[in-house]
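As stored in structure_23.txt (compact mmCIF, C-alpha atoms):
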```
# COMPACT_ATOMS: atom_id res chain seq x y z
CA MET A 1 264.28 102.41 171.08
CA ASP A 2 264.80 98.95 172.57
CA ARG A 3 268.23 98.12 173.89
CA VAL A 4 270.19 96.28 171.21
CA THR A 5 272.46 93.35 172.06
CA HIS A 6 273.17 89.87 170.64
CA GLU A 7 271.50 86.75 172.04
CA SER A 8 274.10 84.12 172.78
CA SER A 9 273.26 80.52 173.67
CA GLY A 10 271.22 80.50 176.85
CA GLY A 11 271.19 84.29 176.94
CA ILE A 12 267.42 84.64 177.38
CA GLY A 13 267.22 82.94 180.73
CA ASP A 14 264.82 80.44 182.26
CA GLN A 15 261.20 79.59 181.46
CA ASP A 16 259.85 82.28 183.79
CA ARG A 17 261.83 84.92 181.87
CA ARG A 18 260.53 83.63 178.54
CA GLN A 19 256.96 83.67 179.81
CA SER A 20 257.44 87.20 181.08
CA ASP A 21 258.75 88.29 177.68
CA TYR A 22 255.80 86.69 175.95
CA LEU A 23 253.20 88.30 178.21
CA ALA A 24 254.78 91.74 177.90
CA LEU A 25 254.23 92.07 174.16
CA ASN A 26 251.51 94.68 174.61
CA ALA A 27 253.97 97.10 176.16
CA LYS A 28 255.48 99.42 173.56
CA THR A 29 258.68 100.64 175.22
CA TYR A 30 261.61 99.29 177.17
CA PRO A 31 261.80 98.17 179.99
CA ASP A 32 258.05 97.37 180.24
CA ASN A 33 258.14 95.22 177.12
CA ASN A 34 261.12 93.17 178.40
CA ARG A 35 262.71 93.22 174.94
CA ASP A 36 266.40 93.05 175.74
CA VAL A 37 268.53 92.08 172.73
CA ARG A 38 272.28 91.74 173.31
CA VAL A 39 275.04 92.03 170.71
CA TRP A 40 277.70 90.27 172.74
CA GLY A 41 277.26 92.80 175.52
CA THR A 42 278.38 95.74 173.34
CA ALA A 43 276.30 98.91 173.32
CA VAL A 44 275.08 99.84 169.87
CA THR A 45 274.33 103.32 168.61
CA THR A 46 273.00 104.79 165.39
CA PRO A 47 275.24 105.52 162.35
CA ASP A 48 274.80 109.30 162.65
CA ILE A 49 276.24 109.31 166.20
CA ILE A 50 279.41 107.29 165.60
CA ARG A 51 281.64 107.68 162.54
CA TRP A 52 283.21 104.22 162.39
CA ASP A 53 285.84 105.37 159.91
CA GLU A 54 287.17 107.73 162.58
CA VAL A 55 287.38 105.10 165.32
CA PRO A 56 290.74 103.23 165.61
CA ASP A 57 290.47 99.47 165.11
CA SER A 58 291.72 98.91 168.65
CA ASP A 59 288.75 100.84 170.04
CA ARG A 60 286.04 99.26 167.91
CA PRO A 61 283.70 96.68 169.43
CA TYR A 62 284.24 93.15 168.16
CA LEU A 63 281.94 90.17 167.77
CA ALA A 64 282.84 86.50 167.97
CA GLU A 65 285.59 85.31 165.61
CA ASP A 66 286.98 88.87 165.48
CA ARG A 67 284.27 90.20 163.20
CA LEU A 68 283.61 93.91 163.38
CA LEU A 69 280.24 95.02 164.65
CA ASP A 70 278.14 95.78 161.58
CA PHE A 71 274.75 97.24 160.91
CA ALA A 72 273.46 94.01 159.35
CA THR A 73 273.94 92.28 162.71
CA VAL A 74 272.18 95.13 164.48
CA ALA A 75 269.25 94.93 162.04
CA HIS A 76 269.11 91.15 162.51
CA GLU A 77 268.89 91.43 166.29
CA LEU A 78 266.38 94.27 166.13
CA GLY A 79 264.32 91.92 163.95
CA HIS A 80 264.30 89.38 166.77
CA ALA A 81 263.18 92.18 169.11
CA LEU A 82 260.20 92.63 166.79
CA GLY A 83 259.49 88.90 166.91
CA PHE A 84 261.01 87.97 163.54
CA PRO A 85 262.21 84.34 163.44
CA HIS A 86 264.92 82.86 161.27
CA SER A 87 263.73 81.67 157.85
CA PRO A 88 266.02 78.70 157.10
CA ARG A 89 266.32 76.88 153.83
CA PHE A 90 268.38 74.01 155.21
CA SER A 91 269.91 75.68 158.29
CA ASP A 92 269.26 78.86 160.28
CA TYR A 93 271.69 81.18 158.51
CA ASP A 94 271.66 79.97 154.89
CA ASN A 95 268.92 82.18 153.39
CA PRO A 96 270.55 85.09 151.51
CA MET A 97 267.12 86.63 150.81
CA ASP A 98 266.46 87.53 154.46
CA ILE A 99 268.46 89.63 156.93
CA MET A 100 267.13 87.27 159.61
CA SER A 101 268.91 84.28 158.07
CA ARG A 102 271.73 85.78 156.03
CA ILE A 103 275.38 85.32 156.91
CA GLU A 104 278.36 86.10 154.72
CA ASP A 105 281.77 87.75 154.89
CA ASP A 106 280.60 91.18 153.70
CA ARG A 107 277.70 91.84 156.07
CA LYS A 108 276.24 95.07 154.74
CA LEU A 109 272.71 96.23 155.35
CA ASN A 110 271.58 95.61 151.75
CA VAL A 111 269.08 92.78 152.23
CA GLY A 112 265.60 93.29 153.67
CA THR A 113 263.27 90.72 155.17
CA ILE A 114 260.48 88.48 153.96
CA ALA A 115 256.86 89.51 153.44
CA ILE A 116 255.41 87.78 156.53
CA ASN A 117 257.86 89.67 158.75
CA ARG A 118 257.02 92.98 157.13
CA TYR A 119 253.34 92.26 157.62
CA ALA A 120 253.82 91.25 161.27
CA ALA A 121 255.64 94.53 161.91
CA GLY A 122 252.80 96.56 160.39
CA TRP A 123 254.83 97.61 157.33
CA ILE A 124 252.33 95.96 154.97
CA ASP A 125 248.75 97.17 155.11
CA PRO A 126 246.17 94.33 155.34
CA GLY A 127 244.63 95.76 152.17
CA HIS A 128 247.82 94.76 150.33
CA VAL A 129 247.49 91.09 151.28
CA ALA A 130 245.64 88.54 149.11
CA ILE A 131 244.39 85.22 150.49
CA TYR A 132 243.73 82.12 148.40
CA GLY A 133 241.54 79.65 150.23
CA GLY A 134 240.84 77.20 147.42
CA GLU A 135 238.55 78.97 144.96
CA GLY A 136 239.35 77.39 141.60
CA THR A 137 241.94 79.24 139.54
CA GLN A 138 243.00 82.75 140.50
CA ARG A 139 245.72 85.09 139.22
CA TYR A 140 247.49 87.69 141.33
CA LYS A 141 249.97 90.46 140.58
CA LEU A 142 252.62 90.50 143.34
CA SER A 143 254.48 93.77 143.78
CA SER A 144 257.93 94.21 145.31
CA ALA A 145 258.49 95.80 148.72
CA GLY A 146 257.33 99.38 148.96
CA ASP A 147 255.61 99.47 145.56
CA GLY A 148 252.05 99.21 146.82
CA GLY A 149 249.79 96.63 145.20
CA THR A 150 249.66 93.09 146.57
CA GLN A 151 252.72 92.65 148.78
CA MET A 152 251.94 89.18 150.11
CA LEU A 153 249.86 86.23 148.91
CA VAL A 154 248.68 83.72 151.52
CA ILE A 155 247.65 80.18 150.57
CA ARG A 156 245.60 78.46 153.23
CA SER A 157 246.08 74.78 154.01
CA GLY A 158 243.14 73.89 156.23
CA SER A 159 245.54 73.03 159.06
CA SER A 160 247.83 75.10 161.26
CA GLY A 161 250.23 75.85 158.42
CA TYR A 162 249.99 78.19 155.46
CA LEU A 163 252.21 79.45 152.66
CA THR A 164 253.23 83.04 152.04
CA LEU A 165 254.51 84.36 148.70
CA GLY A 166 256.23 87.67 148.08
CA ALA A 167 258.03 89.34 145.17
CA ARG A 168 261.64 90.44 145.64
CA ILE A 169 263.46 92.88 143.34
CA ARG A 170 267.04 94.21 143.50
CA LYS A 171 266.32 97.76 144.59
CA GLY A 172 266.11 99.82 147.76
CA ILE A 173 266.95 97.74 150.82
CA ASP A 174 267.12 94.61 148.64
CA LEU A 175 270.04 95.64 146.41
CA GLY A 176 272.12 92.77 147.81
CA ILE A 177 269.78 89.84 147.16
CA PRO A 178 271.28 87.17 144.85
CA GLY A 179 268.31 87.03 142.48
CA GLU A 180 264.80 88.27 141.72
CA GLY A 181 261.52 86.43 141.72
CA VAL A 182 258.74 85.12 143.97
CA GLU A 183 259.85 83.47 147.21
CA VAL A 184 257.77 80.95 149.16
CA TYR A 185 257.69 80.23 152.90
CA LEU A 186 255.83 77.74 155.07
CA ILE A 187 254.51 79.24 158.31
CA ASP A 188 253.24 77.07 161.17
CA GLU A 189 251.89 79.08 164.10
CA GLN A 190 250.78 75.99 166.03
CA SER A 191 253.98 73.97 165.87
CA PRO A 192 254.35 71.92 169.10
CA ASP A 193 258.11 71.88 168.71
CA CYS A 194 260.09 75.11 168.72
CA ARG A 195 263.61 73.98 167.92
CA HIS A 196 265.22 77.39 168.30
CA LEU A 197 264.50 79.75 171.14
CA PHE A 198 265.38 82.68 168.91
CA SER A 199 262.64 81.74 166.44
CA CYS A 200 259.69 81.51 168.80
CA VAL A 201 260.26 83.48 171.98
CA PHE A 202 257.78 86.16 170.97
CA GLU A 203 255.31 84.77 168.44
CA ARG A 204 255.72 81.02 167.96
CA ARG A 205 255.59 80.96 164.17
CA PRO A 206 258.41 78.77 162.86
CA THR A 207 259.17 79.89 159.29
CA ARG A 208 260.90 77.77 156.66
CA ALA A 209 261.68 78.41 153.01
CA VAL A 210 259.91 76.06 150.59
CA MET A 211 262.20 74.48 148.01
CA THR A 212 260.13 75.10 144.88
CA SER A 213 262.81 73.72 142.54
CA PRO A 214 264.28 70.78 144.48
CA THR A 215 267.06 68.69 143.02
CA VAL A 216 268.06 65.13 143.88
CA PRO A 217 270.44 65.05 145.60
CA LEU A 218 269.59 68.40 147.19
CA ASP A 219 271.73 71.28 146.01
CA PHE A 220 272.56 73.04 149.27
CA ASP A 221 274.50 75.72 147.37
CA ASP A 222 271.54 76.83 145.23
CA GLU A 223 270.74 80.18 146.86
CA LEU A 224 267.53 80.58 144.86
CA ALA A 225 266.01 77.12 145.29
CA HIS A 226 263.04 78.73 147.06
CA VAL A 227 262.65 81.61 144.58
CA MET A 228 260.52 81.19 141.47
CA ASP A 229 261.21 82.93 138.16
CA VAL A 230 258.80 83.26 135.23
CA GLY A 231 257.72 79.77 134.16
CA ASP A 232 258.59 78.13 137.49
CA GLY A 233 255.99 76.45 139.66
CA PHE A 234 255.31 73.74 142.23
CA THR A 235 252.43 71.84 143.85
CA THR A 236 251.61 72.26 147.54
CA TRP A 237 250.93 69.47 150.04
CA ASN A 238 247.16 69.75 149.37
CA ASN A 239 247.53 69.61 145.55
CA VAL A 240 247.29 73.33 144.88
CA SER A 241 249.45 74.34 141.93
CA VAL A 242 251.38 77.61 142.00
CA THR A 243 252.96 79.01 138.82
CA VAL A 244 254.66 82.31 137.97
CA MET A 245 253.00 83.14 134.66
CA GLY A 246 254.80 86.36 133.77
CA ARG A 247 256.44 89.56 134.82
CA SER A 248 255.47 93.19 134.23
CA GLY A 249 258.20 95.57 135.32
CA ASP A 250 258.77 94.86 139.01
CA ASP A 251 255.51 92.88 139.36
CA PHE A 252 255.07 89.12 138.97
CA ILE A 253 251.86 87.42 137.81
CA VAL A 254 251.16 84.29 139.85
CA GLU A 255 248.47 81.72 139.11
CA VAL A 256 247.10 79.52 141.91
CA SER A 257 244.74 76.64 141.16
CA ASP A 258 243.20 73.78 143.10
CA GLY A 259 242.33 72.00 139.86
CA SER A 260 238.57 72.23 140.33
CA VAL A 261 236.40 72.36 137.22
CA GLN A 262 234.38 75.37 138.33
CA GLU A 263 236.64 78.39 138.35
CA LYS A 264 235.63 81.56 140.07
CA THR A 265 237.48 83.69 137.54
CA GLY A 266 235.72 81.93 134.65
CA ASN A 267 232.37 83.33 135.77
CA ARG A 268 233.45 86.94 136.19
CA PHE A 269 231.61 88.12 133.06
CA THR A 270 228.44 86.64 131.60
CA ASP A 271 229.02 87.63 127.97
CA ASP A 272 232.44 86.10 127.23
CA ASP A 273 231.71 82.39 127.76
CA GLY A 274 233.14 80.41 124.86
CA ASN A 275 235.00 83.41 123.46
CA VAL A 276 238.48 82.42 122.20
CA HIS A 277 239.89 85.35 124.22
CA GLU A 278 238.03 84.43 127.45
CA ALA A 279 241.09 83.25 129.37
CA ASN A 280 242.95 86.47 128.60
CA ILE A 281 239.91 88.57 129.47
CA GLU A 282 239.91 86.89 132.87
CA ILE A 283 243.63 87.54 133.28
CA ILE A 284 243.39 91.29 132.79
CA ALA A 285 240.21 91.43 134.90
CA GLY A 286 241.96 89.59 137.73
CA LEU A 287 244.83 92.07 137.55
CA GLY A 288 242.49 95.05 137.74
CA ILE A 289 243.32 96.23 134.22
CA THR A 290 239.67 96.10 133.13
CA LEU A 291 236.52 96.58 135.16
CA GLY A 292 234.20 95.39 132.42
CA CYS A 293 231.49 97.49 130.81
CA GLY A 294 228.90 97.18 133.60
CA ASP A 295 226.43 94.65 135.05
CA ASP A 296 228.91 91.72 134.93
CA LEU A 297 229.50 92.35 131.23
CA TYR A 298 232.75 92.76 129.30
CA CYS A 299 231.29 93.64 125.88
CA PRO A 300 233.97 91.64 124.02
CA SER A 301 232.91 92.60 120.48
CA ARG A 302 232.77 96.31 121.20
CA GLU A 303 235.56 98.45 119.71
CA VAL A 304 238.19 99.87 122.06
CA THR A 305 238.26 103.65 122.21
CA ARG A 306 241.47 105.63 122.53
CA ALA A 307 240.42 106.73 126.04
CA GLN A 308 239.82 103.12 127.09
CA MET A 309 243.21 102.12 125.72
CA ALA A 310 244.86 104.85 127.80
CA ALA A 311 243.17 103.38 130.87
CA PHE A 312 244.09 99.77 129.95
CA LEU A 313 247.77 100.51 129.44
CA THR A 314 248.13 102.88 132.39
CA ARG A 315 246.70 100.22 134.72
CA ALA A 316 248.82 97.48 133.12
CA LEU A 317 251.94 99.55 133.78
CA GLY A 318 250.91 100.19 137.39
CA GLU A 319 250.89 103.92 136.65
CA THR A 320 247.35 104.87 137.66
CA PRO A 321 247.61 108.29 139.33
CA GLU A 322 245.88 108.77 142.67
CA ALA A 323 245.15 112.47 142.23
CA ILE A 324 242.71 113.69 139.57
CA PRO A 325 244.23 116.48 137.42
CA THR A 326 242.50 119.82 137.50
CA ASN A 327 243.46 120.74 133.93
CA SER A 328 243.71 118.90 130.64
CA SER A 329 246.60 119.05 128.17
CA PHE A 330 244.25 118.23 125.29
CA SER A 331 241.56 120.41 123.77
CA ASP A 332 238.99 117.59 123.62
CA VAL A 333 239.56 115.91 127.01
CA PRO A 334 237.19 117.72 129.37
CA THR A 335 237.89 118.32 133.04
CA GLY A 336 235.79 115.90 135.06
CA SER A 337 235.86 113.10 132.49
CA TRP A 338 236.51 109.63 133.92
CA TYR A 339 239.49 109.13 131.62
CA LEU A 340 241.22 112.48 132.25
CA LYS A 341 243.75 111.11 134.75
CA TYR A 342 244.64 108.18 132.47
CA VAL A 343 245.13 110.34 129.38
CA GLU A 344 247.25 112.84 131.30
CA ARG A 345 249.46 110.09 132.73
CA PHE A 346 249.63 108.54 129.27
CA ALA A 347 251.05 111.79 127.96
CA GLU A 348 253.46 112.18 130.90
CA LEU A 349 254.89 108.73 130.13
CA GLY A 350 255.48 109.76 126.51
CA ILE A 351 253.18 107.10 125.08
CA THR A 352 251.18 109.73 123.25
CA ARG A 353 252.36 113.11 122.07
CA VAL A 354 250.99 116.42 123.31
CA GLU A 355 250.95 119.29 120.85
CA SER A 356 249.90 122.83 121.72
CA GLY A 357 246.12 122.91 121.61
CA GLY A 358 246.11 119.42 120.14
CA ALA A 359 243.33 116.86 120.34
CA PHE A 360 243.45 113.35 121.78
CA ARG A 361 240.27 112.05 120.10
CA PRO A 362 239.23 110.02 123.18
CA ASP A 363 236.04 108.60 121.66
CA ASP A 364 237.61 107.45 118.38
CA SER A 365 238.09 103.73 117.89
CA LEU A 366 241.67 102.53 118.39
CA THR A 367 243.25 101.15 115.21
CA ARG A 368 245.65 98.24 115.12
CA LEU A 369 248.50 100.46 113.95
CA GLU A 370 247.88 102.88 116.87
CA MET A 371 247.83 99.92 119.22
CA ALA A 372 251.21 98.75 117.93
CA VAL A 373 252.81 102.17 118.34
CA TRP A 374 251.44 102.71 121.85
CA MET A 375 252.37 99.21 123.01
CA SER A 376 255.96 99.58 121.76
CA ARG A 377 256.28 102.90 123.60
CA ALA A 378 254.67 101.59 126.80
CA PHE A 379 256.65 98.38 127.34
CA ASP A 380 260.43 98.44 127.40
CA PHE A 381 260.88 94.93 126.04
CA ILE A 382 258.78 95.62 122.90
CA ASP A 383 261.29 97.32 120.64
CA GLU A 384 260.63 98.90 117.29
CA VAL A 385 262.67 96.88 114.80
CA THR A 386 264.09 97.61 111.40
CA PRO A 387 261.08 96.66 109.25
CA GLU A 388 261.44 93.99 106.59
CA GLY A 389 257.94 94.13 105.09
CA VAL A 390 256.71 91.02 106.92
CA PHE A 391 253.05 91.80 106.22
CA THR A 392 251.58 92.23 102.76
CA ASP A 393 249.58 95.27 103.90
CA VAL A 394 252.33 97.04 105.88
CA SER A 395 255.19 98.13 103.66
CA ALA A 396 258.62 98.56 105.23
CA ASP A 397 258.59 102.33 104.61
CA GLU A 398 255.41 102.98 106.65
CA TRP A 399 256.15 105.14 109.73
CA TYR A 400 254.56 102.54 112.02
CA ALA A 401 256.07 99.41 110.38
CA GLY A 402 258.87 99.08 112.98
CA ALA A 403 256.34 99.05 115.83
CA VAL A 404 254.09 96.52 114.09
CA GLU A 405 256.94 94.10 113.40
CA GLY A 406 258.26 94.70 116.92
CA LEU A 407 254.98 93.34 118.28
CA VAL A 408 255.44 90.24 116.14
CA ALA A 409 259.01 89.75 117.42
CA ALA A 410 257.76 90.06 121.03
CA GLY A 411 255.08 87.39 120.49
CA VAL A 412 252.17 89.78 121.03
CA THR A 413 250.50 89.29 117.62
CA LYS A 414 250.79 87.17 114.50
CA GLY A 415 248.64 89.46 112.37
CA CYS A 416 245.02 89.25 111.28
CA SER A 417 245.41 86.76 108.42
CA ALA A 418 247.85 83.94 107.67
CA ASP A 419 247.20 83.58 103.94
CA PRO A 420 248.09 86.10 102.79
CA LEU A 421 250.05 87.25 105.86
CA ALA A 422 248.38 90.53 106.80
CA TYR A 423 248.17 92.85 109.79
CA CYS A 424 245.06 94.96 108.96
CA PRO A 425 246.62 98.17 110.36
CA HIS A 426 243.54 100.37 109.88
CA ASP A 427 241.03 97.96 111.39
CA PRO A 428 239.64 98.84 114.83
CA VAL A 429 240.69 96.75 117.85
CA ARG A 430 237.92 94.90 119.67
CA ARG A 431 237.86 94.62 123.46
CA ASP A 432 238.39 90.86 123.44
CA GLN A 433 241.39 91.21 121.11
CA MET A 434 242.85 93.92 123.32
CA ALA A 435 242.65 91.58 126.31
CA SER A 436 244.84 89.05 124.51
CA PHE A 437 247.35 91.68 123.37
CA ILE A 438 247.84 92.90 126.94
CA ALA A 439 247.80 89.45 128.56
CA ARG A 440 250.39 88.13 126.09
CA THR A 441 252.55 91.17 126.76
CA LEU A 442 252.47 90.67 130.53
CA THR A 443 253.06 86.91 130.43
CA ASN A 444 255.73 86.98 127.69
CA GLN A 445 257.78 89.77 129.23
CA PRO A 446 261.31 88.48 129.92
CA GLN A 447 263.20 89.12 133.15
CA PRO A 448 265.65 92.03 132.80
```

Mind turning this structure into structure tokens?
Amino acid sequence: MDRVTHESSGGIGDQDRRQSDYLALNAKTYPDNNRDVRVWGTAVTTPDIIRWDEVPDSDRPYLAEDRLLDFATVAHELGHALGFPHSPRFSDYDNPMDIMSRIEDDRKLNVGTIAINRYAAGWIDPGHVAIYGGEGTQRYKLSSAGDGGTQMLVIRSGSSGYLTLGARIRKGIDLGIPGEGVEVYLIDEQSPDCRHLFSCVFERRPTRAVMTSPTVPLDFDDELAHVMDVGDGFTTWNNVSVTVMGRSGDDFIVEVSDGSVQEKTGNRFTDDDGNVHEANIEIIAGLGITLGCGDDLYCPSREVTRAQMAAFLTRALGETPEAIPTNSSFSDVPTGSWYLKYVERFAELGITRVESGGAFRPDDSLTRLEMAVWMSRAFDFIDEVTPEGVFTDVSADEWYAGAVEGLVAAGVTKGCSADPLAYCPHDPVRRDQMASFIARTLTNQPQP
């Protein structure tokens, strides 16, 4: 492990020392890598070696202004040893979303660091990074730290700077963040001016939070001015719009558009052009929920089977299992079928019931009443309600009425007919309709 100390003003040394530090980055261990971080000259050890509650106050190491040495400070300085800069909003230590820029009275290690730092340290696989270079309108599902999926979205600028977006959720190392959402940072690796030695000694990438919801005059006390919630958005310096369209569990759906008429996503399938559900088909395709039906086709008028619905919802929930089960819980779901892993996970989540020797009927068409029941079980915010007989063809005493009217309350469906108001519970669900049901669910989902 590198030696851990706190950098005070002028603590790095002269230009020769800085150049030496920079050139030694390829070395992996101290002292060859020259990474020497000082916490006011006090040796730091790991929590399992020293029990701070057993050390008298008089013997504890102190920082400036009589603050006790804390693990948040140690993590901060280790971050600098890894080349992490500060990520200021208005000043170096005013970003409560990043251990590299956070300062408060209760300095606990309950705030992680931003996506670009995690990527630079090798904690985010390149396969979990998406890059938007100006390709019409694209939608991305950003996942929170450690959840897999897309961990960082990069928006190119055509110059030395670029934007990075990452989702932050109150869990794990981020339990102490003040809010949840998508944060935005401007990175400039070619900046000619490095104002702070701490920020650039190793990698020269000044990092600054982007105020996505600026107020006039500026609200310096708004801790989440650079964090977007569902419905928030902004326009970049090169007229690229960024909008958080929705939230699904711990994932956020972000749309990026350069405003061009020709949209890459609009040409994904060749058989849905002009379909009233086309935009929603493109949404679920962009999120990996559907792969189409082959040869650049979506087959929008085809009926959804129960097996396909299991795959749709499992992917939408981010619950696709990596391992393929060796056995089936259902009598009519054969081992080796493409949908086996989806149906099994579907049952594990309690969305469908497993009875001894029971059948799943994977090839049967999904009915609208089955869709309502499964959707209400799959998504926490779609609650079964006390039915009032809203639809003329779904009486309040039907076993599925609460789920059907719950979908209406959640804004997922308005029924199949307005006059008279009907739901058509026994009609099959088409693939284009299913795209809209899922897309509305993901984009309408409120923040917990």

Subject >> Residue neighbourhood range 397-413 of chain A, 9 Å, all atoms listed in the file, exclusion window fewer than 4 positions, as number ranges by chain >> reply: A: 368-377, 381-391, 423, 425, 436-441, 444-445

Write out, as JSON lines, each residue of range 235-338 of chain A that has an atom at most 10 Å from range 138-155 of chain A, together with the closest pair of atoms and their distance in Å to one decimal, counting all atoms listed in the file, rows going by chain and rising number.
```
{"residue": "A:Thr236", "atom": "CA", "partner": "A:Ile155", "partner_atom": "CA", "distance": 9.4}
{"residue": "A:Val240", "atom": "CA", "partner": "A:Ile155", "partner_atom": "CA", "distance": 8.9}
{"residue": "A:Val242", "atom": "CA", "partner": "A:Ile155", "partner_atom": "CA", "distance": 9.7}
{"residue": "A:Thr243", "atom": "CA", "partner": "A:Arg139", "partner_atom": "CA", "distance": 9.5}
{"residue": "A:Val244", "atom": "CA", "partner": "A:Arg139", "partner_atom": "CA", "distance": 9.4}
{"residue": "A:Met245", "atom": "CA", "partner": "A:Arg139", "partner_atom": "CA", "distance": 8.8}
{"residue": "A:Gly246", "atom": "CA", "partner": "A:Lys141", "partner_atom": "CA", "distance": 9.3}
{"residue": "A:Arg247", "atom": "CA", "partner": "A:Lys141", "partner_atom": "CA", "distance": 8.7}
{"residue": "A:Ser248", "atom": "CA", "partner": "A:Lys141", "partner_atom": "CA", "distance": 8.8}
{"residue": "A:Gly249", "atom": "CA", "partner": "A:Ser143", "partner_atom": "CA", "distance": 9.4}
{"residue": "A:Asp250", "atom": "CA", "partner": "A:Ser144", "partner_atom": "CA", "distance": 6.4}
{"residue": "A:Asp251", "atom": "CA", "partner": "A:Ser143", "partner_atom": "CA", "distance": 4.6}
{"residue": "A:Phe252", "atom": "CA", "partner": "A:Leu142", "partner_atom": "CA", "distance": 5.2}
{"residue": "A:Ile253", "atom": "CA", "partner": "A:Lys141", "partner_atom": "CA", "distance": 4.5}
{"residue": "A:Val254", "atom": "CA", "partner": "A:Tyr140", "partner_atom": "CA", "distance": 5.2}
{"residue": "A:Glu255", "atom": "CA", "partner": "A:Arg139", "partner_atom": "CA", "distance": 4.4}
{"residue": "A:Val256", "atom": "CA", "partner": "A:Gln138", "partner_atom": "CA", "distance": 5.4}
{"residue": "A:Ser257", "atom": "CA", "partner": "A:Gln138", "partner_atom": "CA", "distance": 6.4}
{"residue": "A:Asp258", "atom": "CA", "partner": "A:Gln138", "partner_atom": "CA", "distance": 9.3}
{"residue": "A:Glu263", "atom": "CA", "partner": "A:Gln138", "partner_atom": "CA", "distance": 8.0}
{"residue": "A:Lys264", "atom": "CA", "partner": "A:Gln138", "partner_atom": "CA", "distance": 7.5}
{"residue": "A:Thr265", "atom": "CA", "partner": "A:Gln138", "partner_atom": "CA", "distance": 6.3}
{"residue": "A:Gly266", "atom": "CA", "partner": "A:Gln138", "partner_atom": "CA", "distance": 9.4}
{"residue": "A:Glu282", "atom": "CA", "partner": "A:Arg139", "partner_atom": "CA", "distance": 8.8}
{"residue": "A:Ile283", "atom": "CA", "partner": "A:Arg139", "partner_atom": "CA", "distance": 6.8}
{"residue": "A:Ile284", "atom": "CA", "partner": "A:Arg139", "partner_atom": "CA", "distance": 9.2}
{"residue": "A:Ala285", "atom": "CA", "partner": "A:Arg139", "partner_atom": "CA", "distance": 9.4}
{"residue": "A:Gly286", "atom": "CA", "partner": "A:Arg139", "partner_atom": "CA", "distance": 6.1}
{"residue": "A:Leu287", "atom": "CA", "partner": "A:Lys141", "partner_atom": "CA", "distance": 6.2}
{"residue": "A:Gly288", "atom": "CA", "partner": "A:Lys141", "partner_atom": "CA", "distance": 9.2}
{"residue": "A:Gly318", "atom": "CA", "partner": "A:Gly149", "partner_atom": "CA", "distance": 8.7}
```

Subject >> Shortest interatomic distance to Glu183 in chain A - which of A:Lys171, A:Lys341, A:Arg208, A:His86, counting all atoms listed in the file >> reply: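 Looking at the shortest contact to Glu183 in chain A, the residue is A:Arg208.
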
Original post:
Which residue gives the smallest distance to Cys299 in chain A among A:Arg205, A:Met434, A:Asp393, A:Ile187, with all atoms listed in the file counted?
Top reply: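 The shortest atom-to-atom distance to Cys299 in chain A comes from A:Met434.
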
Residues around (246.8, 105.9, 138.9), cut-off 12 Å, counting only C-alpha atoms - what are they as a PDB file with C-alpha atoms, in the frame of the given file?
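New file part-v4.pdb:
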```
ATOM      1  CA  GLY A 148     252.050  99.210 146.820  1.00  0.00           C
ATOM      2  CA  GLY A 149     249.790  96.630 145.200  1.00  0.00           C
ATOM      3  CA  GLY A 288     242.490  95.050 137.740  1.00  0.00           C
ATOM      4  CA  ILE A 289     243.320  96.230 134.220  1.00  0.00           C
ATOM      5  CA  ALA A 310     244.860 104.850 127.800  1.00  0.00           C
ATOM      6  CA  ALA A 311     243.170 103.380 130.870  1.00  0.00           C
ATOM      7  CA  PHE A 312     244.090  99.770 129.950  1.00  0.00           C
ATOM      8  CA  LEU A 313     247.770 100.510 129.440  1.00  0.00           C
ATOM      9  CA  THR A 314     248.130 102.880 132.390  1.00  0.00           C
ATOM     10  CA  ARG A 315     246.700 100.220 134.720  1.00  0.00           C
ATOM     11  CA  ALA A 316     248.820  97.480 133.120  1.00  0.00           C
ATOM     12  CA  LEU A 317     251.940  99.550 133.780  1.00  0.00           C
ATOM     13  CA  GLY A 318     250.910 100.190 137.390  1.00  0.00           C
ATOM     14  CA  GLU A 319     250.890 103.920 136.650  1.00  0.00           C
ATOM     15  CA  THR A 320     247.350 104.870 137.660  1.00  0.00           C
ATOM     16  CA  PRO A 321     247.610 108.290 139.330  1.00  0.00           C
ATOM     17  CA  GLU A 322     245.880 108.770 142.670  1.00  0.00           C
ATOM     18  CA  ALA A 323     245.150 112.470 142.230  1.00  0.00           C
ATOM     19  CA  ILE A 324     242.710 113.690 139.570  1.00  0.00           C
ATOM     20  CA  PRO A 325     244.230 116.480 137.420  1.00  0.00           C
ATOM     21  CA  TYR A 339     239.490 109.130 131.620  1.00  0.00           C
ATOM     22  CA  LEU A 340     241.220 112.480 132.250  1.00  0.00           C
ATOM     23  CA  LYS A 341     243.750 111.110 134.750  1.00  0.00           C
ATOM     24  CA  TYR A 342     244.640 108.180 132.470  1.00  0.00           C
ATOM     25  CA  VAL A 343     245.130 110.340 129.380  1.00  0.00           C
ATOM     26  CA  GLU A 344     247.250 112.840 131.300  1.00  0.00           C
ATOM     27  CA  ARG A 345     249.460 110.090 132.730  1.00  0.00           C
ATOM     28  CA  PHE A 346     249.630 108.540 129.270  1.00  0.00           C
TER      29      PHE A 346
END
```

**OP:** Would you work out the distance separating CA of Ala279 in chain A from CA of Met211 in chain A, expressed in Å to one decimal?
**Re:**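 So the two atoms, CA of Ala279 in chain A and CA of Met211 in chain A, lie 29.5 Å apart.
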
**OP:** For each of A:Ala120, A:Val394, A:Ile351, A:Ala81, take the minimum atom-to-atom distance to Cys416 in chain A, counting all atoms listed in the file, then give the residue where this is smallest.
**Re:**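 Smallest separation from Cys416 in chain A among the options: A:Val394.
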